[in-house]
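Contents: one structure, followed by commentary.
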Protein chains: 4
Amino acid sequence: MCRWAAYIGAPIFLEDIISRPAHSLIVQARDASECKTAINADGFGVAWYAHRPEPGLYRDVLPAWSDHNLRALAEQVKSSLFLAHVRASTGTATSRNNCHPFTHGRWSFMHNGQIGGFERFRKRADMLIPDALYDQRRGATDSEALFLLAVAEGLEDDPKGALERAAGQLHDLSVGYGTTPHLRLTCALSDGDRLYALRYASDDFAPSLYHRWSASRNGRAVVSEPLETGEADWVPVAPGTFMTFEEDQARSEPFVPVTSSAGMDCTGTAPLKVMVR
Amino acid sequence: MCRWAAYIGAPIFLEDIISRPAHSLIVQARDASECKTAINADGFGVAWYAHRPEPGLYRDVLPAWSDHNLRALAEQVKSSLFLAHVRASTGTATSRNNCHPFTHGRWSFMHNGQIGGFERFRKRADMLIPDALYDQRRGATDSEALFLLAVAEGLEDDPKGALERAAGQLHDLSVGYGTTPHLRLTCALSDGDRLYALRYASDDFAPSLYHRWSASRNGRAVVSEPLETGEADWVPVAPGTFMTFEEDQARSEPFVPVTSSAGMDCTGTAPLKVMVR
Amino acid sequence: MCRWAAYIGAPIFLEDIISRPAHSLIVQARDASECKTAINADGFGVAWYAHRPEPGLYRDVLPAWSDHNLRALAEQVKSSLFLAHVRASTGTATSRNNCHPFTHGRWSFMHNGQIGGFERFRKRADMLIPDALYDQRRGATDSEALFLLAVAEGLEDDPKGALERAAGQLHDLSVGYGTTPHLRLTCALSDGDRLYALRYASDDFAPSLYHRWSASRNGRAVVSEPLETGEADWVPVAPGTFMTFEEDQARSEPFVPVTSSAGMDCTGTAPLKVMVR
Amino acid sequence: MCRWAAYIGAPIFLEDIISRPAHSLIVQARDASECKTAINADGFGVAWYAHRPEPGLYRDVLPAWSDHNLRALAEQVKSSLFLAHVRASTGTATSRNNCHPFTHGRWSFMHNGQIGGFERFRKRADMLIPDALYDQRRGATDSEALFLLAVAEGLEDDPKGALERAAGQLHDLSVGYGTTPHLRLTCALSDGDRLYALRYASDDFAPSLYHRWSASRNGRAVVSEPLETGEADWVPVAPGTFMTFEEDQARSEPFVPVTSSAGMDCTGTAPLKVMVR
């Protein structure tokens, strides 16, 4: 499990999300509240949009709280759209290539959750990544695989559909070769214009996801956990939801991974319930 | 605050202290029990004696739990005397030079505790380090300063006295220029033949210190926290004590920092009580 | 291109190969002589056999010359069989997972060379790695792929044959999807008992490989470049050779990658010449 | 010895200096031309001015050419004033705290050169740093000491004078306790408004320094080595010169370290010649 926070709106310093709030992402690296692992110290990363269509990317393997470079970057870089992540490894090595966010062209992506038994079927997941994208498979995480599968499934034109298909593929592999829980996901992603987020689980325990519009700041934070404890207006996102954030708008749609019926036969009714939601 | 563990006895793999016990040092890096900071993830280090009079030294800035090199070293290296440490920075940067243990010739040293207000009088502490030793002042921690001052005060011939004088110098600086609590120390040190440890505080809150002889292993662990929860025979060390461990023997002496009377005037009776113990 | 050095014989300190000789491996990291890239500063690693059947493994991303941990390890660790490597990346990221040696059970492996156009067919190479071994595919290098393919091809029982088959598979992929030169290899590998090395190229430019028995030391060094300039008795290994070193013996056999005839059709006579050697 | 490059003018991406030119700073990290050490791989750093009076600071210990974070930063960050540095250690550890630039409030500073025998009188240099600045003495380099001494000597109001006094202090220490050559300096520094640079040596071998105004870019590069080989209009700076760059203006003044006559007595006439220049 990990923690993440994203932002879209009028340009702010990264530190306004990453380090200044009372329950900032860096605080969550030490002391997450709504997470199985309170410590998220196996690296961190931030992708930000500024002067180019492609995002900048800064990732390192230290705990986020002790990296002076991150502090300086957060103080200096202004952005109207960025994604930031602190990692708690579920087994894969602590290396920059395994840190989120991941990027591809204009897209950035980060993830918190698990794909049950991924280590048992990682090769099969890798095989699903098209040849043309395979040079971008740099690490070994389930998250990077999910992202590249979504790119292959048409992320550019249909982010929700692409992720439903990609998540479905991994769900099916987990049903066929892995373990329960098959899928627990919260993701944030962006093409530099819109910010997308989704929350889903094949069981009843989807990782937490909130967002909040700040009129004073003229922007929206989308987060694993609220950044301040006193603020009442953090909106929880329901499981099985795909969110699109653009300017001050937040649009909600159902998120239903496209799983094979063979997969459904194996898993019985639990994921099926989610699918007909 | 930090956590540490040391060993003297028949040769064992480092992992028998560092990673295999139920409450091993690596577990304590994530989840220390008797410590203000449960997380000790700002680097780690190990000094071990094997084929040479001088110890080997491996230190890095990652959390101890995620370093594959440490795991391999702990599995492969056998030693009859070693010191291992996981760090929680109280402000100084996470860098290898600030990680414990520190070494000088045949000596190794590690520390858990605080010297009140050290950042205010670091220059004065540095100035007490003799010219001839100053090239070994590589980082900025109070712990490295304490060690080098002890070397200067005759660690080679009189470890207890040298540390009483060095700790007294820093105590006086804390009284003159720093804050309370002036001194809280647990240290372990070795010349490759004996293992020494001390516990002291200028107030009532000395960091914890235990040791335990294992007849089956024919060796002794000296630790911040017991390495197993079910073992009844961990011996707590009383505050104000300097321990000398050699072969299967454990010898206890009072540890009384040599402070100046000027220092005592400033602080009143609290440290004085300790001194006349 | 990279540089490496290995040793088998009476136990010596790692430093006797890594850092003490006039043209030691660390010197070669800065200033290699027989190599296209004089600088080999994209990480390093050492695998050594000591108290267990499995080797220890220490790898990091700094230049070898500036890593104090490596220096301490080299001074302290004694071994009768070890492999050491300094890396010059040909494109893949500088990360610990991409540093040599690689290990699997009792085996260790390191490589210097190139597999032409590997980045174009990395997915196909990965797909050849059996499911059961795929969890050990941690990085993205051609070298790790070659090693895991050799493990799959029966390294345990037939090191030469396994490497001939594995190298042949990659040669065929390079012929089908990559570029010339298809294969240039020098590898060292060990199971903890014997040290093996091979030199091969599908063209006329096999990377250099030497070995030398030291009677005074009672051991043998096997290296990319001689460790001293004044020593006349470094034995160059001919291209297309597989060496087995055991105790003071050195045995030489032809090394001929098992390529498919389709592969040979594509490449014409150049690799064929090597094969019938 | 190290290499550095700085820029003042219309905002450009950092990469326009750091990585895109044919003889960019990253190329110089591997293959410097006018430098005793062609390899400058012991860390790097960049300080840039953007949205705040204080500079951002990114430093790391990898060779500059292999750091993906630096590449991303260089592609994304625009600045009208920045300093960038690649380091070749002359002995001090490779650590972030020893990497240039150094910063203090609005000021940033970087250096290439040597202060003869510094390791012998580092303590005396540290003692000259005022108490109030000592908490910013984080590493052990001569360069950081020079910078903090200049801050103490009034860098804010009189950059040239402050550096003449600070360099003079270190010169005197080198004369009294160190070795020849006593001082060889090229420095760049900035308060966010102006860019300053200086070139000086107490012997005939001052490190190289050039600058060049680009009309098309509307900005000026100030560098250890020209960034392109074909450009004729790189202006070499004479030894003993302090340059002030503001907007498109370049102003030149003599730079004469303020040394004590005692110092001059010891060294004889060589530094004196420089002083009356």
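Every chain in the structure tokens has a letter given in the order shown (A, B, ...), and although residue numbers restart at 1 in each chain, ligands are simply numbered from 1 in the order shown.
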
* Could you please tell me, as a PyMOL selection string, which residues of chain B have an atom within 8 Å of chain C when using only C-alpha atoms? => chain B and resi 50-52+55-59+69+72-73+75-78

Store the residues picked out above in a file with N, CA and C atoms, as a PDB file, in the first residue's frame.
```pdb
ATOM      1  N   ALA B  50      36.624  -9.015  12.086  1.00  0.00           N
ATOM      2  CA  ALA B  50      36.799 -10.352  11.525  1.00  0.00           C
ATOM      3  C   ALA B  50      38.288 -10.658  11.363  1.00  0.00           C
ATOM      4  N   HIS B  51      38.838 -10.376  10.200  1.00  0.00           N
ATOM      5  CA  HIS B  51      40.194 -10.824   9.889  1.00  0.00           C
ATOM      6  C   HIS B  51      41.277  -9.802  10.224  1.00  0.00           C
ATOM      7  N   ARG B  52      40.876  -8.595  10.604  1.00  0.00           N
ATOM      8  CA  ARG B  52      41.872  -7.555  10.840  1.00  0.00           C
ATOM      9  C   ARG B  52      41.618  -6.907  12.206  1.00  0.00           C
ATOM     10  N   PRO B  55      37.900  -2.643  12.233  1.00  0.00           N
ATOM     11  CA  PRO B  55      36.592  -3.178  11.848  1.00  0.00           C
ATOM     12  C   PRO B  55      36.239  -2.850  10.403  1.00  0.00           C
ATOM     13  N   GLY B  56      35.414  -3.681   9.798  1.00  0.00           N
ATOM     14  CA  GLY B  56      34.744  -3.329   8.562  1.00  0.00           C
ATOM     15  C   GLY B  56      33.611  -2.376   8.861  1.00  0.00           C
ATOM     16  N   LEU B  57      33.185  -1.607   7.882  1.00  0.00           N
ATOM     17  CA  LEU B  57      32.135  -0.617   8.114  1.00  0.00           C
ATOM     18  C   LEU B  57      31.234  -0.546   6.892  1.00  0.00           C
ATOM     19  N   TYR B  58      29.959  -0.813   7.079  1.00  0.00           N
ATOM     20  CA  TYR B  58      28.997  -0.682   5.996  1.00  0.00           C
ATOM     21  C   TYR B  58      27.863   0.213   6.466  1.00  0.00           C
ATOM     22  N   ARG B  59      27.667   1.329   5.779  1.00  0.00           N
ATOM     23  CA  ARG B  59      26.620   2.273   6.161  1.00  0.00           C
ATOM     24  C   ARG B  59      25.893   2.742   4.909  1.00  0.00           C
ATOM     25  N   ASN B  69      21.753  -5.102   0.029  1.00  0.00           N
ATOM     26  CA  ASN B  69      23.162  -5.302   0.375  1.00  0.00           C
ATOM     27  C   ASN B  69      23.316  -5.676   1.850  1.00  0.00           C
ATOM     28  N   ALA B  72      22.360  -9.281   2.346  1.00  0.00           N
ATOM     29  CA  ALA B  72      23.389 -10.220   1.898  1.00  0.00           C
ATOM     30  C   ALA B  72      24.571 -10.225   2.858  1.00  0.00           C
ATOM     31  N   LEU B  73      24.982  -9.048   3.282  1.00  0.00           N
ATOM     32  CA  LEU B  73      26.095  -8.955   4.226  1.00  0.00           C
ATOM     33  C   LEU B  73      25.752  -9.691   5.514  1.00  0.00           C
ATOM     34  N   GLU B  75      23.772 -12.116   5.943  1.00  0.00           N
ATOM     35  CA  GLU B  75      23.728 -13.566   5.724  1.00  0.00           C
ATOM     36  C   GLU B  75      25.114 -14.176   5.593  1.00  0.00           C
ATOM     37  N   GLN B  76      26.089 -13.384   5.136  1.00  0.00           N
ATOM     38  CA  GLN B  76      27.378 -13.945   4.756  1.00  0.00           C
ATOM     39  C   GLN B  76      28.487 -13.712   5.758  1.00  0.00           C
ATOM     40  N   VAL B  77      28.415 -12.592   6.451  1.00  0.00           N
ATOM     41  CA  VAL B  77      29.548 -12.227   7.293  1.00  0.00           C
ATOM     42  C   VAL B  77      29.372 -12.809   8.687  1.00  0.00           C
ATOM     43  N   LYS B  78      30.401 -13.511   9.137  1.00  0.00           N
ATOM     44  CA  LYS B  78      30.443 -14.041  10.493  1.00  0.00           C
ATOM     45  C   LYS B  78      31.381 -13.189  11.313  1.00  0.00           C
TER      46      LYS B  78
END
```

* To do: For range 236-243 of chain D, list every protein, DNA or RNA residue within 8 Å, evaluated using only C-alpha atoms, and leave out those in the same chain fewer than 3 positions away; present the list as a list in words.
  => Lys160, Tyr196, Ala197, Leu198, Arg199, Tyr200, Ala201, Ala206, Ser208, Leu209, Tyr210, His211, Ala250, Arg251, Ser252, Glu253, Pro254, Phe255, Val256, Val274 and Arg277 of chain D

* Asked: Between CA of Ala5 in chain C and CA of Glu246 in chain C, what is the spacing in Å?
  ->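 A separation of 16.3 Å between them.
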
* Please provide the set of residues having any atom within 8 Å of Thr179 in chain D, restricted to only C-alpha atoms, with same-chain residues fewer than 5 positions apart removed, written as a ChimeraX atom specification. => /D:116-117,174

If you keep N, CA, C and O atoms, can you produce a file of those selected residues as a CSV table (one decimal), in the first residue's frame?
```csv
chain,number,residue,atom,x,y,z
D,116,GLY,N,45.5,24.9,-1.3
D,116,GLY,CA,46.6,23.9,-1.1
D,116,GLY,C,46.7,23.4,0.3
D,116,GLY,O,47.0,24.2,1.2
D,117,GLY,N,46.5,22.1,0.5
D,117,GLY,CA,46.7,21.5,1.8
D,117,GLY,C,45.5,21.7,2.7
D,117,GLY,O,45.7,21.6,4.0
D,174,SER,N,46.7,28.4,4.0
D,174,SER,CA,47.5,27.5,3.1
D,174,SER,C,49.0,27.9,3.2
D,174,SER,O,49.8,27.0,3.3
```

* To do: Name the residues of range 104-183 of chain B that fall into alpha helix (DSSP H) according to DSSP on the backbone, using the chain letters and numbers of this document, as a PyMOL selection string.
  => chain B and resi 118-128+142-152+159-177

* Write out as an NGL selection string which residues come within 8 Å of Ser190 in chain D when counting only C-alpha atoms, dropping same-chain ones fewer than 6 positions away. => :D and (106-109 or 196)

Any chance you can output those residues with C-alpha atoms as a compact mmCIF listing (two decimals), in the first residue's frame?
```txt
# COMPACT_ATOMS: atom_id res chain seq x y z
CA ARG D 106 19.23 34.24 -1.61
CA TRP D 107 22.84 33.39 -2.44
CA SER D 108 24.21 30.45 -4.37
CA PHE D 109 27.87 29.60 -4.91
CA TYR D 196 29.31 37.03 -10.46
```

* Distance query Ala162 in chain D at most 8 Å, only C-alpha atoms, self and fewer than 2 positions along chain excluded, as a list in words ->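 Near neighbours after the sequence-gap exclusion: Ala150, Val151, Ala152, Glu153, Gly154, Leu155, Asp158, Pro159, Lys160, Glu164, Arg165 and Ala166 of chain D.
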
Now that the selection is made, can you save its residues with C-alpha atoms as a PDB file, in the first residue's frame?
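Written output follows (selection_32.pdb):
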```pdb
ATOM      1  CA  ALA D 150      32.544  35.119   2.187  1.00  0.00           C
ATOM      2  CA  VAL D 151      29.057  35.327   3.678  1.00  0.00           C
ATOM      3  CA  ALA D 152      30.657  36.280   6.976  1.00  0.00           C
ATOM      4  CA  GLU D 153      32.812  38.876   5.253  1.00  0.00           C
ATOM      5  CA  GLY D 154      29.816  40.735   3.845  1.00  0.00           C
ATOM      6  CA  LEU D 155      28.897  38.975   0.618  1.00  0.00           C
ATOM      7  CA  ASP D 158      30.191  43.698  -1.304  1.00  0.00           C
ATOM      8  CA  PRO D 159      30.599  40.406  -3.150  1.00  0.00           C
ATOM      9  CA  LYS D 160      34.014  41.166  -4.579  1.00  0.00           C
ATOM     10  CA  GLU D 164      38.806  38.839  -1.609  1.00  0.00           C
ATOM     11  CA  ARG D 165      38.835  38.731   2.179  1.00  0.00           C
ATOM     12  CA  ALA D 166      37.588  35.152   2.400  1.00  0.00           C
TER      13      ALA D 166
END
```

Write out as a short mmCIF file (atom, residue, chain, number, x, y, z; two decimals) with all heavy atoms, in the first residue's frame which residues come within 10 Å of range 118-125 of chain D when counting only C-alpha atoms, dropping same-chain ones fewer than 5 positions away.
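Final output, saved to selection-v2.cif:
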```cif
data_model
loop_
_atom_site.label_atom_id
_atom_site.label_comp_id
_atom_site.auth_asym_id
_atom_site.auth_seq_id
_atom_site.Cartn_x
_atom_site.Cartn_y
_atom_site.Cartn_z
N ASP B 126 33.06 21.16 17.90
CA ASP B 126 34.08 20.86 16.88
C ASP B 126 35.44 21.41 17.29
O ASP B 126 36.48 20.80 17.05
CB ASP B 126 33.67 21.47 15.53
CG ASP B 126 32.62 20.63 14.81
OD1 ASP B 126 32.19 19.59 15.37
OD2 ASP B 126 32.21 21.01 13.71
N MET B 127 35.42 22.60 17.90
CA MET B 127 36.70 23.22 18.27
C MET B 127 37.43 22.43 19.35
O MET B 127 38.64 22.52 19.50
CB MET B 127 36.48 24.67 18.71
CG MET B 127 35.98 25.58 17.60
SD MET B 127 36.93 25.49 16.05
CE MET B 127 35.88 24.46 14.99
N ILE B 129 37.70 19.26 19.30
CA ILE B 129 38.37 18.11 18.66
C ILE B 129 39.78 18.51 18.29
O ILE B 129 39.99 19.54 17.63
CB ILE B 129 37.59 17.68 17.39
CG1 ILE B 129 36.16 17.27 17.76
CG2 ILE B 129 38.31 16.53 16.68
CD1 ILE B 129 35.24 17.06 16.56
N PRO B 130 40.79 17.76 18.72
CA PRO B 130 42.17 18.15 18.41
C PRO B 130 42.43 18.19 16.91
O PRO B 130 41.81 17.45 16.13
CB PRO B 130 43.01 17.03 19.06
CG PRO B 130 42.11 16.41 20.08
CD PRO B 130 40.72 16.54 19.54
N ASP B 131 43.36 19.06 16.53
CA ASP B 131 43.72 19.20 15.12
C ASP B 131 44.01 17.85 14.48
O ASP B 131 43.56 17.57 13.36
CB ASP B 131 44.98 20.08 14.98
CG ASP B 131 44.70 21.52 15.37
OD1 ASP B 131 43.81 21.75 16.21
OD2 ASP B 131 45.38 22.41 14.84
N ALA B 132 44.74 17.02 15.19
CA ALA B 132 45.20 15.77 14.59
C ALA B 132 44.05 14.81 14.29
O ALA B 132 44.19 13.90 13.47
CB ALA B 132 46.21 15.09 15.52
N LEU B 133 42.94 15.01 14.95
CA LEU B 133 41.78 14.13 14.72
C LEU B 133 40.76 14.75 13.78
O LEU B 133 39.80 14.10 13.38
CB LEU B 133 41.08 13.82 16.05
CG LEU B 133 41.74 12.81 16.96
CD1 LEU B 133 41.01 12.75 18.30
CD2 LEU B 133 41.73 11.42 16.31
N TYR B 134 40.94 16.03 13.46
CA TYR B 134 39.86 16.76 12.81
C TYR B 134 39.55 16.25 11.41
O TYR B 134 38.43 16.41 10.92
CB TYR B 134 40.18 18.25 12.77
CG TYR B 134 38.95 19.11 12.62
CD1 TYR B 134 38.10 19.33 13.70
CD2 TYR B 134 38.63 19.68 11.39
CE1 TYR B 134 36.96 20.10 13.56
CE2 TYR B 134 37.49 20.46 11.25
CZ TYR B 134 36.67 20.66 12.34
OH TYR B 134 35.53 21.42 12.21
N ASP B 135 40.53 15.64 10.76
CA ASP B 135 40.24 15.11 9.43
C ASP B 135 39.24 13.96 9.49
O ASP B 135 38.70 13.55 8.47
CB ASP B 135 41.52 14.66 8.72
CG ASP B 135 42.14 13.48 9.42
OD1 ASP B 135 42.11 13.45 10.68
OD2 ASP B 135 42.65 12.58 8.74
N ARG B 137 36.51 14.21 11.35
CA ARG B 137 35.19 14.82 11.55
C ARG B 137 34.56 14.95 10.17
O ARG B 137 34.77 15.95 9.48
CB ARG B 137 35.37 16.17 12.23
CG ARG B 137 34.09 16.97 12.46
CD ARG B 137 33.12 16.23 13.32
NE ARG B 137 32.11 17.11 13.92
CZ ARG B 137 30.89 16.66 14.25
NH1 ARG B 137 30.53 15.40 14.03
NH2 ARG B 137 30.03 17.48 14.81
N GLY D 91 39.28 14.30 -2.71
CA GLY D 91 39.54 13.55 -1.50
C GLY D 91 38.32 13.43 -0.59
O GLY D 91 38.07 12.38 -0.02
N THR D 92 37.58 14.52 -0.47
CA THR D 92 36.41 14.46 0.41
C THR D 92 35.38 13.50 -0.15
O THR D 92 35.35 13.22 -1.34
CB THR D 92 35.77 15.86 0.56
OG1 THR D 92 36.43 16.78 -0.30
CG2 THR D 92 35.82 16.33 1.98
N ALA D 140 32.36 18.97 4.31
CA ALA D 140 33.75 19.11 4.73
C ALA D 140 34.63 19.74 3.66
O ALA D 140 35.85 19.78 3.79
CB ALA D 140 34.30 17.74 5.10
N THR D 141 34.03 20.30 2.60
CA THR D 141 34.84 20.79 1.49
C THR D 141 35.41 22.17 1.77
O THR D 141 34.85 22.96 2.52
CB THR D 141 34.00 20.91 0.21
OG1 THR D 141 32.92 21.79 0.45
CG2 THR D 141 33.46 19.55 -0.21
N ASP D 142 36.55 22.46 1.10
CA ASP D 142 37.11 23.80 1.13
C ASP D 142 36.15 24.81 0.49
O ASP D 142 36.06 25.96 0.92
CB ASP D 142 38.48 23.81 0.41
CG ASP D 142 38.45 23.18 -0.98
OD1 ASP D 142 37.37 22.77 -1.44
OD2 ASP D 142 39.52 23.11 -1.61
N ALA D 145 33.51 26.04 2.86
CA ALA D 145 34.16 26.94 3.83
C ALA D 145 34.40 28.32 3.21
O ALA D 145 34.10 29.35 3.83
CB ALA D 145 35.49 26.33 4.30
N LEU D 146 34.92 28.34 1.98
CA LEU D 146 35.15 29.61 1.29
C LEU D 146 33.86 30.42 1.18
O LEU D 146 33.83 31.63 1.44
CB LEU D 146 35.73 29.34 -0.10
CG LEU D 146 35.89 30.53 -1.04
CD1 LEU D 146 36.81 31.59 -0.45
CD2 LEU D 146 36.42 30.07 -2.41
N LEU D 149 32.75 31.73 4.64
CA LEU D 149 33.63 32.84 5.03
C LEU D 149 33.27 34.10 4.26
O LEU D 149 33.27 35.21 4.82
CB LEU D 149 35.09 32.46 4.80
CG LEU D 149 35.65 31.39 5.76
CD1 LEU D 149 37.10 31.06 5.39
CD2 LEU D 149 35.54 31.85 7.21
N GLN D 169 41.90 34.86 3.56
CA GLN D 169 42.02 34.09 4.81
C GLN D 169 42.48 32.66 4.53
O GLN D 169 43.35 32.13 5.21
CB GLN D 169 40.66 34.05 5.53
CG GLN D 169 40.27 35.39 6.17
CD GLN D 169 38.89 35.34 6.78
OE1 GLN D 169 37.91 35.07 6.07
NE2 GLN D 169 38.79 35.57 8.08
N LEU D 170 41.88 32.05 3.50
CA LEU D 170 42.26 30.68 3.18
C LEU D 170 43.67 30.62 2.57
O LEU D 170 44.41 29.68 2.81
CB LEU D 170 41.23 30.05 2.25
CG LEU D 170 39.86 29.83 2.93
CD1 LEU D 170 38.83 29.32 1.92
CD2 LEU D 170 39.98 28.86 4.10
N HIS D 171 44.00 31.65 1.81
CA HIS D 171 45.36 31.73 1.29
C HIS D 171 46.36 31.75 2.44
O HIS D 171 47.36 31.01 2.44
CB HIS D 171 45.51 32.99 0.43
CG HIS D 171 46.91 33.20 -0.05
ND1 HIS D 171 47.85 33.91 0.68
CD2 HIS D 171 47.55 32.77 -1.16
CE1 HIS D 171 49.00 33.92 0.01
NE2 HIS D 171 48.83 33.24 -1.11
N LEU D 173 46.01 30.68 5.47
CA LEU D 173 46.06 29.38 6.13
C LEU D 173 46.89 28.40 5.31
O LEU D 173 47.66 27.61 5.86
CB LEU D 173 44.65 28.83 6.36
CG LEU D 173 43.83 29.51 7.45
CD1 LEU D 173 42.41 28.92 7.51
CD2 LEU D 173 44.51 29.35 8.82
N SER D 174 46.71 28.45 4.00
CA SER D 174 47.48 27.54 3.14
C SER D 174 48.97 27.86 3.22
O SER D 174 49.81 26.96 3.25
CB SER D 174 47.00 27.64 1.69
OG SER D 174 47.78 26.84 0.85
N GLY D 176 50.44 29.24 5.78
CA GLY D 176 50.92 28.91 7.12
C GLY D 176 50.96 27.41 7.40
O GLY D 176 51.85 26.92 8.10
N TYR D 177 49.98 26.67 6.87
CA TYR D 177 49.83 25.28 7.28
C TYR D 177 49.70 24.30 6.13
O TYR D 177 49.67 23.10 6.34
CB TYR D 177 48.59 25.13 8.18
CG TYR D 177 48.58 26.09 9.33
CD1 TYR D 177 47.85 27.28 9.27
CD2 TYR D 177 49.35 25.83 10.47
CE1 TYR D 177 47.86 28.18 10.33
CE2 TYR D 177 49.36 26.72 11.53
CZ TYR D 177 48.60 27.89 11.46
OH TYR D 177 48.63 28.77 12.50
N GLY D 178 49.56 24.80 4.90
CA GLY D 178 49.25 23.92 3.79
C GLY D 178 50.40 23.73 2.83
O GLY D 178 51.55 23.64 3.23
N THR D 179 50.03 23.66 1.58
CA THR D 179 51.00 23.37 0.52
C THR D 179 50.77 24.28 -0.67
O THR D 179 49.71 24.90 -0.79
CB THR D 179 50.83 21.92 0.02
OG1 THR D 179 49.48 21.77 -0.43
CG2 THR D 179 51.11 20.91 1.12
N HIS D 182 48.84 27.52 -3.39
CA HIS D 182 47.99 27.94 -2.29
C HIS D 182 46.55 28.18 -2.70
O HIS D 182 45.63 27.77 -2.01
CB HIS D 182 48.59 29.17 -1.62
CG HIS D 182 49.90 28.87 -0.97
ND1 HIS D 182 50.09 27.82 -0.11
CD2 HIS D 182 51.12 29.47 -1.09
CE1 HIS D 182 51.34 27.76 0.30
NE2 HIS D 182 52.01 28.75 -0.29
#
```

* CA of Leu183 in chain C to CA of Val61 in chain C: how many Å, to one decimal? ->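 CA of Leu183 in chain C sits 25.8 Å away from CA of Val61 in chain C.
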
* Enumerate the residues of range 176-228 of chain C with a DSSP assignment of strand (DSSP E or B), computed from the backbone, and present them as JSON, numbers by chain. => {"C": [183, 184, 185, 186, 187, 188, 189, 190, 195, 196, 197, 198, 199, 200, 201, 210, 211, 212, 213, 214, 219, 220, 221, 222, 223]}

Take the residues from that selection and write them out as a compact mmCIF listing (two decimals), in the first residue's frame, keeping C-alpha atoms.
```
# COMPACT_ATOMS: atom_id res chain seq x y z
CA LEU C 183 27.07 -11.40 -29.96
CA ARG C 184 30.18 -10.28 -28.17
CA LEU C 185 30.60 -11.97 -24.83
CA THR C 186 32.99 -12.47 -22.02
CA CYS C 187 31.35 -14.01 -19.01
CA ALA C 188 32.48 -15.34 -15.67
CA LEU C 189 30.31 -17.61 -13.58
CA SER C 190 30.58 -19.91 -10.62
CA LEU C 195 35.06 -20.78 -11.76
CA TYR C 196 34.04 -20.70 -15.41
CA ALA C 197 34.75 -18.06 -18.05
CA LEU C 198 34.04 -17.75 -21.72
CA ARG C 199 35.04 -15.52 -24.61
CA TYR C 200 33.10 -15.39 -27.82
CA ALA C 201 32.09 -13.04 -30.61
CA TYR C 210 43.05 -13.18 -19.53
CA HIS C 211 43.98 -15.42 -16.65
CA ARG C 212 47.08 -15.93 -14.54
CA TRP C 213 48.09 -18.42 -11.90
CA SER C 214 50.03 -16.97 -9.01
CA GLY C 219 45.37 -18.78 -6.72
CA ARG C 220 44.25 -17.63 -10.14
CA ALA C 221 42.88 -14.32 -11.37
CA VAL C 222 40.58 -14.27 -14.42
CA VAL C 223 40.14 -10.78 -15.80
```
